[in-house]
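Content type mmCIF, C-alpha atoms and all ligand atoms, from the file structure09.cif:
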data_target
#
loop_
_atom_site.label_atom_id
_atom_site.label_comp_id
_atom_site.auth_asym_id
_atom_site.auth_seq_id
_atom_site.Cartn_x
_atom_site.Cartn_y
_atom_site.Cartn_z
CA MET U 1 -25.04 9.35 0.80
CA LYS U 2 -22.91 8.82 3.88
CA ALA U 3 -19.15 9.31 3.69
CA VAL U 4 -16.05 9.47 5.86
CA GLN U 5 -14.84 13.06 5.55
CA PHE U 6 -12.86 15.89 7.09
CA SER U 7 -12.99 19.65 6.56
CA ASP U 8 -9.64 20.50 8.16
CA HIS U 9 -6.32 18.72 8.46
CA GLY U 10 -5.29 17.62 11.92
CA ASP U 11 -5.47 14.87 14.50
CA ARG U 12 -7.86 11.92 14.40
CA ASP U 13 -10.72 14.00 15.77
CA VAL U 14 -11.12 15.86 12.44
CA ILE U 15 -12.60 12.66 10.93
CA GLU U 16 -16.39 12.52 10.65
CA TYR U 17 -18.91 10.17 9.08
CA GLY U 18 -22.00 11.87 7.71
CA ASP U 19 -23.97 13.11 4.72
CA TYR U 20 -22.15 14.05 1.55
CA GLU U 21 -23.52 15.30 -1.75
CA ASP U 22 -24.29 12.46 -4.18
CA VAL U 23 -22.29 12.40 -7.41
CA GLU U 24 -23.24 10.95 -10.81
CA PRO U 25 -20.61 9.34 -13.06
CA GLY U 26 -19.13 11.34 -15.94
CA ARG U 27 -18.58 9.88 -19.42
CA ASP U 28 -15.68 7.58 -18.53
CA GLU U 29 -16.58 7.04 -14.91
CA VAL U 30 -18.36 4.39 -12.87
CA ARG U 31 -20.48 4.77 -9.75
CA VAL U 32 -19.77 1.97 -7.31
CA GLU U 33 -21.83 0.90 -4.31
CA MET U 34 -18.97 0.37 -1.87
CA ARG U 35 -18.92 -2.80 0.25
CA ALA U 36 -15.54 -2.30 1.94
CA GLY U 37 -12.58 0.05 2.06
CA ALA U 38 -9.06 -0.42 3.41
CA LEU U 39 -6.67 2.02 5.04
CA ASN U 40 -3.10 2.81 4.17
CA HIS U 41 -0.49 5.00 5.84
CA LEU U 42 -1.29 7.41 3.05
CA ASP U 43 -4.63 8.08 4.79
CA ILE U 44 -2.75 9.27 7.87
CA TRP U 45 -0.55 11.63 5.83
CA THR U 46 -3.55 12.94 3.91
CA ARG U 47 -5.47 13.60 7.14
CA ARG U 48 -2.51 15.46 8.67
CA GLY U 49 -1.97 17.43 5.45
CA LEU U 50 0.80 17.06 2.88
CA PRO U 51 2.86 20.00 1.61
CA GLY U 52 1.88 21.07 -1.90
CA ILE U 53 -1.48 19.29 -1.87
CA ASN U 54 -4.52 21.55 -1.51
CA LEU U 55 -7.57 19.36 -1.16
CA GLU U 56 -11.10 20.38 -1.98
CA MET U 57 -12.89 20.32 1.40
CA PRO U 58 -14.63 18.46 2.82
CA HIS U 59 -12.38 15.65 1.61
CA ILE U 60 -13.41 11.99 1.44
CA PRO U 61 -10.32 9.86 2.18
CA GLY U 62 -9.61 6.31 1.06
CA SER U 63 -7.49 4.89 -1.77
CA ASP U 64 -8.55 1.25 -1.43
CA GLY U 65 -12.08 -0.08 -1.76
CA ALA U 66 -14.31 -2.62 -3.45
CA GLY U 67 -17.97 -2.91 -4.32
CA VAL U 68 -20.66 -3.41 -6.94
CA VAL U 69 -21.06 -1.28 -10.08
CA GLU U 70 -24.29 0.71 -9.77
CA SER U 71 -24.16 2.81 -12.96
CA THR U 72 -21.70 3.80 -15.68
CA GLY U 73 -21.03 6.79 -17.94
CA ASN U 74 -21.77 6.56 -21.67
CA GLY U 75 -18.11 6.01 -22.55
CA VAL U 76 -17.68 2.93 -20.36
CA SER U 77 -17.79 -0.48 -22.04
CA ARG U 78 -15.68 -2.64 -19.71
CA PHE U 79 -18.17 -2.69 -16.83
CA GLU U 80 -21.90 -2.88 -16.33
CA PRO U 81 -24.22 -2.62 -13.33
CA GLY U 82 -23.82 -5.59 -10.99
CA ASP U 83 -20.13 -6.20 -11.73
CA ARG U 84 -17.88 -6.78 -8.72
CA VAL U 85 -14.92 -4.38 -8.78
CA ALA U 86 -11.97 -3.12 -6.73
CA VAL U 87 -10.34 0.28 -6.96
CA SER U 88 -6.71 0.68 -8.06
CA ALA U 89 -5.89 4.22 -6.99
CA GLY U 90 -3.23 5.54 -9.40
CA VAL U 91 -4.54 8.07 -11.94
CA SER U 92 -2.51 9.07 -15.00
CA CYS U 93 -3.24 11.57 -17.79
CA GLY U 94 -2.64 9.27 -20.76
CA GLU U 95 -1.23 12.16 -22.77
CA CYS U 96 2.19 13.10 -21.43
CA GLU U 97 5.52 11.81 -22.74
CA PHE U 98 5.74 9.14 -20.03
CA CYS U 99 2.16 7.90 -20.43
CA ARG U 100 2.61 7.67 -24.20
CA ASP U 101 5.79 5.73 -23.57
CA GLY U 102 3.73 3.16 -21.64
CA ASP U 103 4.69 3.57 -17.98
CA LEU U 104 1.66 5.26 -16.46
CA THR U 105 3.22 5.51 -12.98
CA LEU U 106 5.77 8.00 -14.37
CA CYS U 107 2.99 10.31 -15.58
CA VAL U 108 3.89 13.95 -14.92
CA ASN U 109 0.31 14.46 -13.73
CA TYR U 110 0.22 11.25 -11.68
CA HIS U 111 -2.06 11.37 -8.69
CA ILE U 112 -3.77 9.02 -6.28
CA ILE U 113 -7.46 8.62 -5.49
CA GLY U 114 -7.95 9.55 -1.84
CA GLU U 115 -4.67 11.46 -1.59
CA HIS U 116 -4.97 14.19 -4.20
CA VAL U 117 -8.64 13.82 -5.16
CA ARG U 118 -11.83 12.55 -3.46
CA GLY U 119 -11.42 9.00 -2.15
CA VAL U 120 -13.72 6.02 -1.83
CA HIS U 121 -14.53 5.52 1.86
CA SER U 122 -18.20 6.26 1.38
CA GLU U 123 -21.46 4.47 0.58
CA TYR U 124 -21.01 5.26 -3.10
CA ALA U 125 -17.90 6.34 -4.99
CA VAL U 126 -17.44 7.65 -8.52
CA VAL U 127 -14.12 6.62 -10.05
CA PRO U 128 -12.67 6.49 -13.58
CA ALA U 129 -13.39 3.12 -15.22
CA GLU U 130 -9.63 2.79 -15.81
CA ASN U 131 -9.17 2.60 -12.06
CA LEU U 132 -11.35 -0.47 -11.60
CA VAL U 133 -10.37 -4.12 -11.73
CA ALA U 134 -12.81 -7.01 -11.87
CA VAL U 135 -13.15 -9.10 -8.69
CA PRO U 136 -14.10 -12.78 -9.05
CA GLU U 137 -17.22 -14.06 -7.29
CA HIS U 138 -15.31 -16.20 -4.76
CA VAL U 139 -13.22 -13.31 -3.37
CA ASP U 140 -14.65 -11.66 -0.24
CA TRP U 141 -15.05 -7.88 -0.04
CA GLU U 142 -12.46 -7.39 2.68
CA THR U 143 -9.78 -9.13 0.61
CA ALA U 144 -10.79 -7.25 -2.54
CA ALA U 145 -10.55 -3.92 -0.72
CA ALA U 146 -7.35 -4.66 1.18
CA ALA U 147 -5.16 -5.97 -1.65
CA PRO U 148 -4.77 -3.42 -4.45
CA LEU U 149 -2.57 -0.62 -3.09
CA VAL U 150 -0.06 -2.55 -1.02
CA PHE U 151 0.24 -5.57 -3.27
CA GLN U 152 0.72 -3.51 -6.44
CA THR U 153 3.26 -1.31 -4.63
CA ALA U 154 5.26 -4.26 -3.33
CA TRP U 155 5.03 -6.16 -6.64
CA ARG U 156 6.41 -3.34 -8.76
CA MET U 157 9.04 -2.52 -6.14
CA LEU U 158 10.44 -6.06 -5.83
CA ILE U 159 9.74 -7.67 -9.18
CA ASP U 160 9.82 -4.86 -11.76
CA ARG U 161 11.98 -2.13 -10.28
CA GLY U 162 14.12 -4.37 -8.07
CA GLU U 163 14.30 -7.28 -10.56
CA LEU U 164 14.39 -9.77 -7.69
CA GLU U 165 15.51 -13.23 -8.74
CA ALA U 166 15.28 -16.70 -7.21
CA GLY U 167 18.19 -17.45 -4.92
CA GLU U 168 18.84 -13.84 -3.96
CA SER U 169 18.55 -12.66 -0.35
CA VAL U 170 16.10 -9.95 0.68
CA LEU U 171 15.55 -8.05 3.89
CA VAL U 172 11.99 -6.75 4.35
CA LEU U 173 11.65 -4.09 7.04
CA GLY U 174 8.42 -3.76 9.00
CA ALA U 175 7.10 -7.12 7.83
CA SER U 176 3.79 -6.82 9.70
CA GLY U 177 2.57 -3.64 7.98
CA GLY U 178 0.57 -3.47 4.77
CA VAL U 179 3.43 -3.13 2.29
CA GLY U 180 5.74 -5.25 4.46
CA HIS U 181 3.44 -8.26 4.63
CA ALA U 182 2.90 -8.07 0.87
CA ALA U 183 6.66 -7.80 0.25
CA VAL U 184 7.43 -10.89 2.38
CA GLN U 185 4.91 -12.98 0.44
CA ILE U 186 6.12 -11.72 -2.94
CA ALA U 187 9.81 -12.24 -2.09
CA ASP U 188 9.05 -15.78 -0.95
CA TYR U 189 7.05 -16.42 -4.14
CA ALA U 190 10.00 -15.15 -6.21
CA GLY U 191 12.21 -17.81 -4.61
CA ALA U 192 14.33 -15.44 -2.54
CA GLU U 193 15.78 -16.11 0.91
CA VAL U 194 13.70 -13.76 3.04
CA TYR U 195 14.86 -11.90 6.16
CA ALA U 196 12.17 -9.89 7.92
CA THR U 197 12.10 -7.42 10.80
CA ALA U 198 9.26 -6.64 13.20
CA SER U 199 8.85 -5.21 16.69
CA SER U 200 7.47 -8.18 18.66
CA ASP U 201 7.71 -11.96 18.84
CA GLU U 202 4.08 -12.28 17.81
CA LYS U 203 4.70 -10.23 14.66
CA LEU U 204 7.86 -12.24 13.91
CA GLU U 205 5.93 -15.48 14.21
CA TYR U 206 3.44 -14.08 11.75
CA ALA U 207 6.27 -13.05 9.36
CA ARG U 208 7.46 -16.67 9.42
CA GLU U 209 3.96 -17.94 8.68
CA ILE U 210 3.75 -15.86 5.50
CA GLY U 211 7.17 -16.76 4.14
CA ALA U 212 10.08 -15.25 6.08
CA ASP U 213 13.02 -17.65 6.49
CA HIS U 214 14.80 -15.51 9.10
CA VAL U 215 13.35 -12.95 11.49
CA ILE U 216 14.89 -10.12 13.52
CA ASN U 217 13.26 -8.21 16.39
CA TYR U 218 14.40 -4.65 15.63
CA GLU U 219 13.43 -3.48 19.10
CA GLU U 220 15.98 -5.86 20.60
CA GLU U 221 18.69 -6.11 17.94
CA ASN U 222 20.42 -3.77 15.53
CA PHE U 223 19.15 -5.30 12.31
CA ALA U 224 22.19 -4.33 10.22
CA ALA U 225 24.54 -6.01 12.72
CA GLU U 226 22.28 -9.09 12.75
CA ILE U 227 22.25 -9.27 8.94
CA ARG U 228 26.06 -8.99 8.85
CA GLU U 229 26.38 -11.76 11.43
CA ARG U 230 23.83 -14.09 9.87
CA THR U 231 25.23 -13.71 6.33
CA GLY U 232 28.88 -14.22 7.26
CA ASN U 233 29.45 -10.47 6.89
CA ARG U 234 28.24 -10.57 3.29
CA GLY U 235 24.98 -8.62 3.55
CA VAL U 236 21.79 -9.13 1.52
CA ASP U 237 21.17 -8.49 -2.15
CA MET U 238 18.11 -6.32 -1.59
CA VAL U 239 16.59 -4.30 1.23
CA VAL U 240 12.92 -3.31 1.05
CA ASP U 241 12.62 -0.06 3.03
CA HIS U 242 9.32 1.80 3.40
CA VAL U 243 10.22 3.03 6.89
CA GLY U 244 12.58 5.89 6.03
CA ALA U 245 14.57 8.09 8.41
CA THR U 246 14.94 5.65 11.30
CA THR U 247 16.10 2.70 9.19
CA TRP U 248 17.87 4.16 6.15
CA GLN U 249 21.45 4.05 7.38
CA ASN U 250 21.09 0.48 8.62
CA SER U 251 19.40 -0.48 5.36
CA LEU U 252 22.50 0.64 3.44
CA LYS U 253 24.72 -1.13 6.00
CA SER U 254 22.77 -4.37 5.46
CA LEU U 255 23.49 -4.54 1.72
CA ALA U 256 26.01 -6.82 0.08
CA LYS U 257 28.47 -5.37 -2.46
CA GLY U 258 26.46 -4.39 -5.52
CA GLY U 259 23.21 -4.65 -3.54
CA ARG U 260 20.14 -2.49 -3.94
CA VAL U 261 17.72 -0.79 -1.62
CA VAL U 262 14.20 -0.30 -2.93
CA THR U 263 11.99 2.31 -1.33
CA CYS U 264 8.32 3.19 -1.70
CA GLY U 265 7.77 5.30 1.39
CA ALA U 266 9.19 7.01 4.45
CA THR U 267 6.77 6.53 7.31
CA THR U 268 9.26 7.82 9.90
CA GLY U 269 10.43 10.79 7.85
CA PRO U 270 12.04 11.51 4.47
CA THR U 271 15.43 13.11 5.24
CA PRO U 272 17.94 10.73 6.86
CA GLU U 273 21.71 11.30 6.57
CA THR U 274 23.31 9.21 3.84
CA ASN U 275 26.93 8.11 3.71
CA ILE U 276 27.75 8.50 0.02
CA ASN U 277 31.06 6.68 0.45
CA ARG U 278 29.10 3.55 1.26
CA ILE U 279 27.09 3.88 -1.94
CA PHE U 280 29.99 4.27 -4.38
CA TRP U 281 32.52 2.01 -2.65
CA ASN U 282 30.03 -0.84 -2.31
CA GLN U 283 28.48 0.03 -5.68
CA LEU U 284 24.97 0.12 -4.26
CA GLN U 285 21.80 1.07 -6.07
CA VAL U 286 19.03 3.19 -4.57
CA ILE U 287 15.78 2.44 -6.41
CA GLY U 288 12.54 4.33 -5.97
CA SER U 289 9.15 2.86 -6.81
CA THR U 290 5.55 3.94 -6.51
CA MET U 291 2.24 2.20 -7.23
CA ALA U 292 2.19 0.05 -10.44
CA THR U 293 1.05 0.00 -14.06
CA PRO U 294 -2.35 -1.52 -14.90
CA GLY U 295 -0.59 -4.61 -16.29
CA GLN U 296 1.40 -5.07 -13.09
CA VAL U 297 -1.77 -4.57 -11.04
CA ASP U 298 -3.48 -7.32 -13.06
CA ASP U 299 -0.50 -9.65 -12.59
CA VAL U 300 -0.35 -9.36 -8.83
CA LEU U 301 -4.10 -9.28 -8.18
CA GLU U 302 -4.47 -12.48 -10.19
CA LEU U 303 -2.21 -14.05 -7.55
CA VAL U 304 -4.31 -12.58 -4.75
CA TRP U 305 -7.57 -13.77 -6.28
CA ASP U 306 -6.21 -17.32 -6.70
CA GLY U 307 -5.03 -17.41 -3.07
CA THR U 308 -1.26 -17.40 -3.72
CA PHE U 309 -1.05 -14.13 -1.77
CA GLU U 310 -3.27 -13.31 1.17
CA PRO U 311 -3.89 -9.83 2.51
CA ARG U 312 -4.12 -10.28 6.24
CA ILE U 313 -7.07 -8.41 7.77
CA ARG U 314 -5.99 -6.80 11.04
CA GLU U 315 -9.38 -5.49 12.07
CA VAL U 316 -12.70 -4.39 10.56
CA PHE U 317 -14.45 -1.19 11.65
CA PRO U 318 -17.67 0.54 10.62
CA MET U 319 -16.75 3.69 8.67
CA SER U 320 -18.05 5.86 11.54
CA GLU U 321 -15.13 4.50 13.61
CA THR U 322 -12.45 5.42 11.06
CA ALA U 323 -10.63 7.47 13.73
CA ASP U 324 -10.06 4.23 15.69
CA ALA U 325 -8.82 2.59 12.51
CA HIS U 326 -6.27 5.41 12.14
CA ARG U 327 -5.18 4.85 15.73
CA LEU U 328 -4.31 1.20 15.01
CA LEU U 329 -2.09 2.28 12.14
CA GLU U 330 -0.51 5.17 14.01
CA GLU U 331 0.27 3.00 17.02
CA ARG U 332 1.40 0.06 14.85
CA GLU U 333 -0.84 -2.44 16.60
CA GLY U 334 -1.35 -5.80 14.93
CA PHE U 335 -0.46 -6.90 11.42
CA GLY U 336 -1.86 -6.53 7.96
CA LYS U 337 -4.67 -4.33 6.74
CA VAL U 338 -7.35 -2.33 8.51
CA VAL U 339 -10.74 -2.49 6.77
CA VAL U 340 -13.72 -0.13 7.03
CA ILE U 341 -17.29 -0.98 6.04
CA PRO U 342 -20.15 1.49 5.37
CA ASP U 343 -22.14 1.58 8.65
CA GLU U 344 -25.34 0.49 6.91
CA ARG U 345 -23.61 -2.76 5.88
CA TYR U 346 -21.54 -3.37 8.98
CA ASP U 347 -22.79 -6.35 10.95
CA GLY U 348 -20.09 -6.46 13.63
ZN ZN F 401 0.67 11.31 -18.18
#

Before anything else, please render the file you have as structure tokens.
Ligand SMILES: [Zn+2]
Amino acid sequence: MKAVQFSDHGDRDVIEYGDYEDVEPGRDEVRVEMRAGALNHLDIWTRRGLPGINLEMPHIPGSDGAGVVESTGNGVSRFEPGDRVAVSAGVSCGECEFCRDGDLTLCVNYHIIGEHVRGVHSEYAVVPAENLVAVPEHVDWETAAAAPLVFQTAWRMLIDRGELEAGESVLVLGASGGVGHAAVQIADYAGAEVYATASSDEKLEYAREIGADHVINYEEENFAAEIRERTGNRGVDMVVDHVGATTWQNSLKSLAKGGRVVTCGATTGPTPETNINRIFWNQLQVIGSTMATPGQVDDVLELVWDGTFEPRIREVFPMSETADAHRLLEEREGFGKVVVIPDERYDG
């Protein structure tokens, strides 16, 4: 089969598209004929190489994807050949204290398809049946591939970990990116007053279209100062920060007394300075979140499948042009998700 792959970490030129050894499904696994995959910032980190993660090379990247079940292992009863499925990338052991307690994302052996183990940006992918969700007939492949990772991440972060309630105010940073555009839609759905930042007027217009009530161009304004001004110096109840080092201090400055910042990533770096005085004096909460439980994935994807939430498709590439897809993400061009299609199925 053909697969996106790399044998060394490095710049975009390490990415190739070519032959890869075919794999048959194990007992609890499913072999899926992939129709589309979607990229996440995770793919950039994985390509560059993450400390502590030693990948089996060549590595197939890709945490998001969707396709048709081709065959199943003997232990699989939930799916059969012909079923339409999407991949939900979080893998848990099912045996540790945290898994037995019911929150699979806290698994001590938690890992992510595409990041720690072989991903799904290939003609065929073998994944555990537990990592598949059914996709209704009316949902197109690009939507099915683009939704799972960012929508489950944003859903757990805002609704479960952040306990966002109607009437609260939320600031979503980087509203045009994958997680950001999911967070704006979810915050709006939850009945919150939504502030959103982006780097251009076009992106801000888009943020408004998907549910932002107030927008701030962070290239032109200091967003913390803007939030203070626009809220009568109160601040917002929640800040959604997946940006990291460059925004962290202003995120804390944007919070109202007793507010909370929720974080699921640090695209610009993980080690900003933090003023602890601000945290205790204003009684702030710093809340981490990653991925989502299968139940939370079902909840949010139901709302994608019925059209309540819409993953915006930024651009679609054949898998052989995955390096160009990485460039769009690295240069923050456009909004929403970048999709890749196996070359044999790509029709321009
Ligand atoms: Zn576990």

Item to complete: Show which residues sit within 12 Å of His138 in chain U, as JSON, numbers by chain. Count only C-alpha atoms, and ignore same-chain residues fewer than 4 positions away.
Response: {"U": [84, 134, 142, 143, 144, 304, 305, 306, 307]}

Interface rows for chain U against ligand ZN 401 (chain F): nearest pair, Å to one decimal, 12 Å, all atoms listed in the file, as a tab-separated table:
residue	atom	partner	partner_atom	distance
U:Gly90	CA	F:ZN401	ZN	11.2
U:Val91	CA	F:ZN401	ZN	8.8
U:Ser92	CA	F:ZN401	ZN	5.0
U:Cys93	CA	F:ZN401	ZN	3.9
U:Gly94	CA	F:ZN401	ZN	4.7
U:Glu95	CA	F:ZN401	ZN	5.0
U:Cys96	CA	F:ZN401	ZN	4.0
U:Glu97	CA	F:ZN401	ZN	6.7
U:Phe98	CA	F:ZN401	ZN	5.8
U:Cys99	CA	F:ZN401	ZN	4.3
U:Arg100	CA	F:ZN401	ZN	7.3
U:Asp101	CA	F:ZN401	ZN	9.3
U:Gly102	CA	F:ZN401	ZN	9.4
U:Asp103	CA	F:ZN401	ZN	8.7
U:Leu104	CA	F:ZN401	ZN	6.4
U:Thr105	CA	F:ZN401	ZN	8.2
U:Leu106	CA	F:ZN401	ZN	7.2
U:Cys107	CA	F:ZN401	ZN	3.6
U:Val108	CA	F:ZN401	ZN	5.3
U:Asn109	CA	F:ZN401	ZN	5.5
U:Tyr110	CA	F:ZN401	ZN	6.5
U:His111	CA	F:ZN401	ZN	9.9

Would you write out, as JSON lines, a table of all residues in range 123-189 of chain U that have an atom no more than 12 Å from an atom of range 41-45 of chain U, listing for each the closest atom pair and the distance in Å to one decimal, considering all atoms listed in the file and ordering rows by chain and rising residue number?
{"residue": "U:Leu149", "atom": "CA", "partner": "U:Leu42", "partner_atom": "CA", "distance": 10.2}
{"residue": "U:Val150", "atom": "CA", "partner": "U:His41", "partner_atom": "CA", "distance": 10.2}
{"residue": "U:Gly177", "atom": "CA", "partner": "U:His41", "partner_atom": "CA", "distance": 9.4}
{"residue": "U:Gly178", "atom": "CA", "partner": "U:His41", "partner_atom": "CA", "distance": 8.6}
{"residue": "U:Val179", "atom": "CA", "partner": "U:His41", "partner_atom": "CA", "distance": 9.7}

Give me the residues of range 78-185 of chain U that have any atom at most 12 Å from an atom of range 219-225 of chain U; for each, the nearest atom pair and the distance in Å, rounded to one decimal. Use only C-alpha atoms, sort by chain and number, and format it as JSON lines.
{"residue": "U:Leu171", "atom": "CA", "partner": "U:Phe223", "partner_atom": "CA", "distance": 9.6}
{"residue": "U:Val172", "atom": "CA", "partner": "U:Phe223", "partner_atom": "CA", "distance": 10.8}
{"residue": "U:Leu173", "atom": "CA", "partner": "U:Phe223", "partner_atom": "CA", "distance": 9.2}
{"residue": "U:Gly174", "atom": "CA", "partner": "U:Glu219", "partner_atom": "CA", "distance": 11.3}

Practice prompt. Kindly give the distance, in Å, that separates CA of Glu330 in chain U and CA of Gly119 in chain U, rounded to a single decimal.
Written response: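 The value is 19.9 Å.
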
Worksheet item: Which of these residues is nearest to Glu333 in chain U, using all atoms listed in the file: U:Arg228, U:Trp248, U:Glu202, U:Glu209?
Response: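 Comparing U:Arg228, U:Trp248, U:Glu202, U:Glu209 against Glu333 in chain U, the winner is U:Glu202.
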
Fill in: Distance query Glu165 in chain U at most 9 Å, only C-alpha atoms, self and fewer than 5 positions along chain excluded, as a PyMOL selection string
chain U and resi 159+187+190-192

Practice prompt. With a distance cut-off of 10 Å and all atoms listed in the file, select the neighbouring residues of Ala154 in chain U, excluding the residue or stretch itself and same-chain residues fewer than 4 positions from it, and output the selection as a ChimeraX atom specification.
Written response: /U:149-150,158-161,178-187,240,242,262-264,289-292,300

Worksheet entry | Protein, DNA and RNA residues within 12 Å of (1.2, 16.4, -0.5), all atoms listed in the file, as number ranges by chain | U: 9, 42-55, 111-112, 114-117

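The smallest atom-to-atom distance between Ala166 in chain U and any of U:Glu80, U:Asp237, U:Glu130, U:Glu33, using only C-alpha atoms, is found for U:Asp237.
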
Practice prompt. For each of U:Gly67, U:Gly259, U:Pro318, U:Pro294, take the minimum atom-to-atom distance to Ile341 in chain U, counting only C-alpha atoms, then give the residue where this is smallest.
Written response: U:Pro318
